[in-house]
Each structure stands twice: as C-alpha cells, then as structure tokens.
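Have a look at the structure below, then the notes.
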Amino acid sequence: MVTTATPLEAELLDIAGSVPDPELPVLTLQELGVVRAVHVRGTDTVEVELTPTYTGCPAIEAMSLDIERALHAHGMREVTVRTVLRPAWSTDDITPEGRRKLREFGIAPPRVREPSGPVALTLGRTRTLETTTGDPGPDPVLCPHCGSADTELLSRFSSTACKALRRCLACREPFDHFKEL
Amino acid sequence: MTAAQTTVPTTAALALGDDALVLSHRLGEWAGHAPVLEEEVALANIALDLLGQARVLLSMAGDEDELAYLREERAFRNLQLVEQPNGDFAHTIARQLYFSTYQHLLYAELAAGDGPFAPLAAKAVKEVAYHRDHAEQWTLRLGDGTDESHERMRRAADALWRFTGEMFRPVDGLDVDPAGMEAAWLESVEDVLRRATLPLPEGPRAGGWTAGAGRQGLHTESFGRMLAEMQHLHRSHPGATW
C-alpha cells in the first residue's frame, strides 16, 4: 500500500501505525491494516489516509484522534486524517503478527480468503451449524483457547460488527471470531 | 447548481442514503425487544452497518445531520419498504430478505462500475452479504419450522410483497440495469422461499394495487411517527452533544 514514500513519511507511517486499536488494544493500527499512507504536505503538515474496517465502524473517530495525538507529539503541527474507502479493507489486510495477537487475546483470527462474502452455512434445529457439503470452504475456525477445530457458530454477529460468536465443543468455552470480510 | 455540484448525483445519493438510514432506525427499534440476545446484537450490528453507509451517502448529498434530522417527511426519498413497521420478527426478516437481496445486487453492480458510488459500494457489498445471509437463514428456519412460524413467515412475505416493485424503478443518476436486477432478485428470493417451503406470494408487485412512491417523497402512515421519534432530540435541542 506504500507508494514511493520519503524517509520522513515512512517514519511517520510507523508512528501512526503503532497507535493501538481503540477496541482491540492488543493490535496496532498497522497490524489491523487500516493506515494506508502518510503524505507530508509541508515542513510540519501531514495527511494520513485511514480506512475503516466496516463502513459504520464507530472506532474510526477515536483512531483519528489517537493518530493526530501521536503525530502532534512527534512535532507535526497540522495533522489531517482522511478516511478512504477504496480499495475496500479486507480481513486479509490483518498482518500475520496481528493474527497471532488476536489468537493470544482469545479471539479466533479471520481465515485468509480470496473471494469475499459470507461462508455458506445451514441452520440446525436449535442453533447454527456449518455444512461440510458443497464447496470445500475455508479451514475450520480453531478455538483460541484449546486449539480444537470442533467449534460451532452461535451467531453471525457478536459484540462488534467485525466479530461472530462461536463456541468450542471440546473445551465448551464461547469465543469471538474475527469474521472474514 | 454550480458545475461542480452537478457531478454528484444528489437524487441517487439521497435515495440510497435514505434507504440505509431509515432501515437502520427501524432495526434499532428492536434494541431491548428482540427474541433472543444474539438476535438483538445481530440486528443492532446490521443497523450499524447501514448507518455507516447512510453517513457516506448523505454526506455526498449535503450535511448528513441536517439531512437526517431536519428534513420533513415529504423530503425523504427512501423506499416505502424500508419504512414499514417492524411487525413481528417474521415481518422484520421478510423486510430484511427483500431489501438486502436488492441492496446486494445494487451494490455489486455499482462496485463493478467506475461511478461516484463505486468506492462505497465495493465496501458495503461485503457487509450486505452478511445481512442477506442472516435474512436467508432465518427465512429458512421460520418457513421450514413449526406450523406457527411457517404461518407467520408466510404472512410476512405476503404482506410486504407489494412493496418490492418500487426497488426496480429507475433512479436518476443511478447507473444500473433495473430490469436485470429485478430478474436476479426474483430468482434469488423465489429460491429462498421455495427452500423455506413457503409459497411465492401471489399479489402484484407493480400496478394499481401496489405501493411505492417513496422515491417521490410519498410515504406510508407510520413513517411520520418514526421520523418524529428519530428527529425529536435534535429538533428539541439543536446542536446538543454528549
């Protein structure tokens, strides 16, 4: 995502990217893949391109303020954070390090995928079950607590728009899954 | 209108933005009332996605807050479908199935183009895919469930059917193929209803006995009350913050 950036821009991009995500503070914005670029417009004027995970993600304002604060502290007088939608953010933009941290935090990381869209599922009598028929589909979602592949979907939507709620059938613990987008 | 403004298709931005805003508000009305906690969270998450889309779209047409909170009923350009009251859970699911199937087709087509809506559409189409999937799974579960759930889902699918023709009337500034979208919509919805063991509604979707002048600013009775609630705080306390 980095176009020919100057050394200063690369340095400022690192600083903006090191800001923790306001809702998942174990991740940095760089690991989440939402800081797209930093453009230096003058000696102490800078513009940051930030992309939301979901269009309605309410964390985007907190992210912008935190980035502004971090760059002000680095001597930038005027910081503008611009929201860009294109290209659309994907969970594939989360770095391998970000995935590892999510797992450690108790959230199953998104599976890497090429086509976007929801995973095909069918509903069981009392809860949501995934089928193994039809498309081979992506890998199973592993329990972040015990590592078991024997997990089931409880709800497509969880505490935030980016997560689904699942349960491990081996250790019986419920957990959040950062769902593929 | 200046030359710069003519490049923004305001009519289309208002139409799509109002659809998202109004449906978002309707879904938000389920907070505290949904049948189970997971559904409460799901409907609120879908509402939040739609609200995010509405903010981008309305900002293309003007000031988002002024447009949302200070317009009169007749100035809203949303489909009559999205303003319909939540009804029972089956009615909400039928509304979700009809609208999210339409919105998914619409955004997919806009995302494939290079128009002013393409960046938002490319992002939103991925979110709406989850909304559509959610509605489909519930339609299957309710339709192919108990006698009671089947009957309620059938009634809901029937009741909202006459609002679905409006989605495929051309909108000024929207570069899509309504007829092609309608054919794809019918195929998709018919497939879901059939798998849910539900009969295809028999009523007309266009013509004299159907609804659908929301895009011209004509709305159904309950919409005014919804707006009164949605706009009350802002109108009573202009500029209030917390």
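Ordering of the structure tokens sets the chain letters (A, B, ...); residue numbers start at 1 within each chain; ligands are numbered from 1 in the order shown.
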Counting only C-alpha atoms, which residues in chain B sit no more than 6 Å from chain A? For each one, give the nearest pair of atoms and the distance in Å, sorted by chain then residue number, as JSON lines.
```
{"residue": "B:Ala42", "atom": "CA", "partner": "A:Phe157", "partner_atom": "CA", "distance": 4.8}
{"residue": "B:Asn45", "atom": "CA", "partner": "A:Ala161", "partner_atom": "CA", "distance": 5.2}
{"residue": "B:Leu48", "atom": "CA", "partner": "A:Gly56", "partner_atom": "CA", "distance": 5.6}
{"residue": "B:Asp49", "atom": "CA", "partner": "A:Gly56", "partner_atom": "CA", "distance": 4.9}
{"residue": "B:Gly52", "atom": "CA", "partner": "A:Gly56", "partner_atom": "CA", "distance": 3.3}
{"residue": "B:Gln53", "atom": "CA", "partner": "A:Thr55", "partner_atom": "CA", "distance": 6.0}
{"residue": "B:Pro119", "atom": "CA", "partner": "A:Arg86", "partner_atom": "CA", "distance": 5.2}
{"residue": "B:Lys123", "atom": "CA", "partner": "A:Ala88", "partner_atom": "CA", "distance": 4.9}
{"residue": "B:Lys126", "atom": "CA", "partner": "A:Gly117", "partner_atom": "CA", "distance": 5.5}
{"residue": "B:Ala129", "atom": "CA", "partner": "A:Gly117", "partner_atom": "CA", "distance": 5.7}
{"residue": "B:Tyr130", "atom": "CA", "partner": "A:Pro118", "partner_atom": "CA", "distance": 5.7}
```
What would the file look like if the residues just selected were written as an mmCIF file, in the first residue's frame with C-alpha atoms?
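Output below, filename part-v7.cif:
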```
data_model
loop_
_atom_site.group_PDB
_atom_site.id
_atom_site.type_symbol
_atom_site.label_atom_id
_atom_site.label_comp_id
_atom_site.auth_asym_id
_atom_site.auth_seq_id
_atom_site.Cartn_x
_atom_site.Cartn_y
_atom_site.Cartn_z
ATOM 1 C CA ALA B 42 -27.252 -9.104 15.179
ATOM 2 C CA ASN B 45 -24.906 -4.716 14.056
ATOM 3 C CA LEU B 48 -24.804 -0.007 12.429
ATOM 4 C CA ASP B 49 -23.538 -1.140 9.023
ATOM 5 C CA GLY B 52 -22.317 3.874 8.267
ATOM 6 C CA GLN B 53 -23.434 3.559 4.654
ATOM 7 C CA PRO B 119 -15.867 3.037 -3.599
ATOM 8 C CA LYS B 123 -17.043 -1.902 0.700
ATOM 9 C CA LYS B 126 -19.287 -7.263 1.611
ATOM 10 C CA ALA B 129 -23.616 -10.148 2.006
ATOM 11 C CA TYR B 130 -23.755 -10.958 5.727
#
```
Discussion item. So that I can check the secondary structure, give me every residue of chain A assigned strand (DSSP E) by backbone DSSP, as a count of residues only.
Written reply: 40
Item to complete: Within chain A, find each residue whose DSSP state, derived from the backbone, is helix (DSSP H, G or I), and express the selection as a PyMOL selection string.
Response: chain A and resi 7-17+29-32+59-73+91-93+96-105
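Using only C-alpha atoms, the shortest contact distance between Ala68 (chain B) and any of B:Arg152, B:Arg235, B:Leu43, B:Phe117 is found at B:Arg235.
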Worksheet entry | Contacts of Pro140 (chain A) at 9 Å (only C-alpha atoms; same-chain gap of 6+ positions) as a ChimeraX atom specification | /A:111,149-151
Fill in: Length of the CA of Arg205 (chain B) to CA of Asn86 (chain B) vector [Å]
20.3 Å
Worksheet item: Skipping near chain neighbours, those fewer than 5 positions away, what residues fall within 10 Å of region 21-31 of chain A using only C-alpha atoms, listed as a PyMOL selection string?
Response: chain A and resi 13-16+36+50+58-63+66-67+93-102+104-105+107+160
Spatial neighbours of Val22 (chain B), max dist 8 Å, only C-alpha atoms, sep filter under 5 positions, as a short mmCIF file (atom, residue, chain, number, x, y, z; two decimals) with all heavy atoms, in the first residue's frame:
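Saved as result00.cif:
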```
data_model
loop_
_atom_site.label_atom_id
_atom_site.label_comp_id
_atom_site.auth_asym_id
_atom_site.auth_seq_id
_atom_site.Cartn_x
_atom_site.Cartn_y
_atom_site.Cartn_z
N ASN B 78 -36.56 7.54 0.55
CA ASN B 78 -36.41 6.10 0.75
C ASN B 78 -37.58 5.33 0.18
O ASN B 78 -38.68 5.85 0.02
CB ASN B 78 -36.27 5.78 2.24
CG ASN B 78 -37.42 6.36 3.05
OD1 ASN B 78 -37.43 7.55 3.33
ND2 ASN B 78 -38.41 5.52 3.39
N VAL B 82 -38.64 0.02 3.31
CA VAL B 82 -37.77 0.10 4.48
C VAL B 82 -38.40 0.84 5.66
O VAL B 82 -37.96 0.70 6.79
CB VAL B 82 -36.40 0.74 4.16
CG1 VAL B 82 -35.61 -0.12 3.17
CG2 VAL B 82 -36.55 2.16 3.62
N GLU B 83 -39.44 1.62 5.39
CA GLU B 83 -40.08 2.37 6.48
C GLU B 83 -41.18 1.55 7.15
O GLU B 83 -41.75 1.98 8.16
CB GLU B 83 -40.65 3.69 5.96
CG GLU B 83 -41.95 3.53 5.16
CD GLU B 83 -42.25 4.73 4.26
OE1 GLU B 83 -41.29 5.39 3.81
OE2 GLU B 83 -43.44 4.99 4.02
#
```
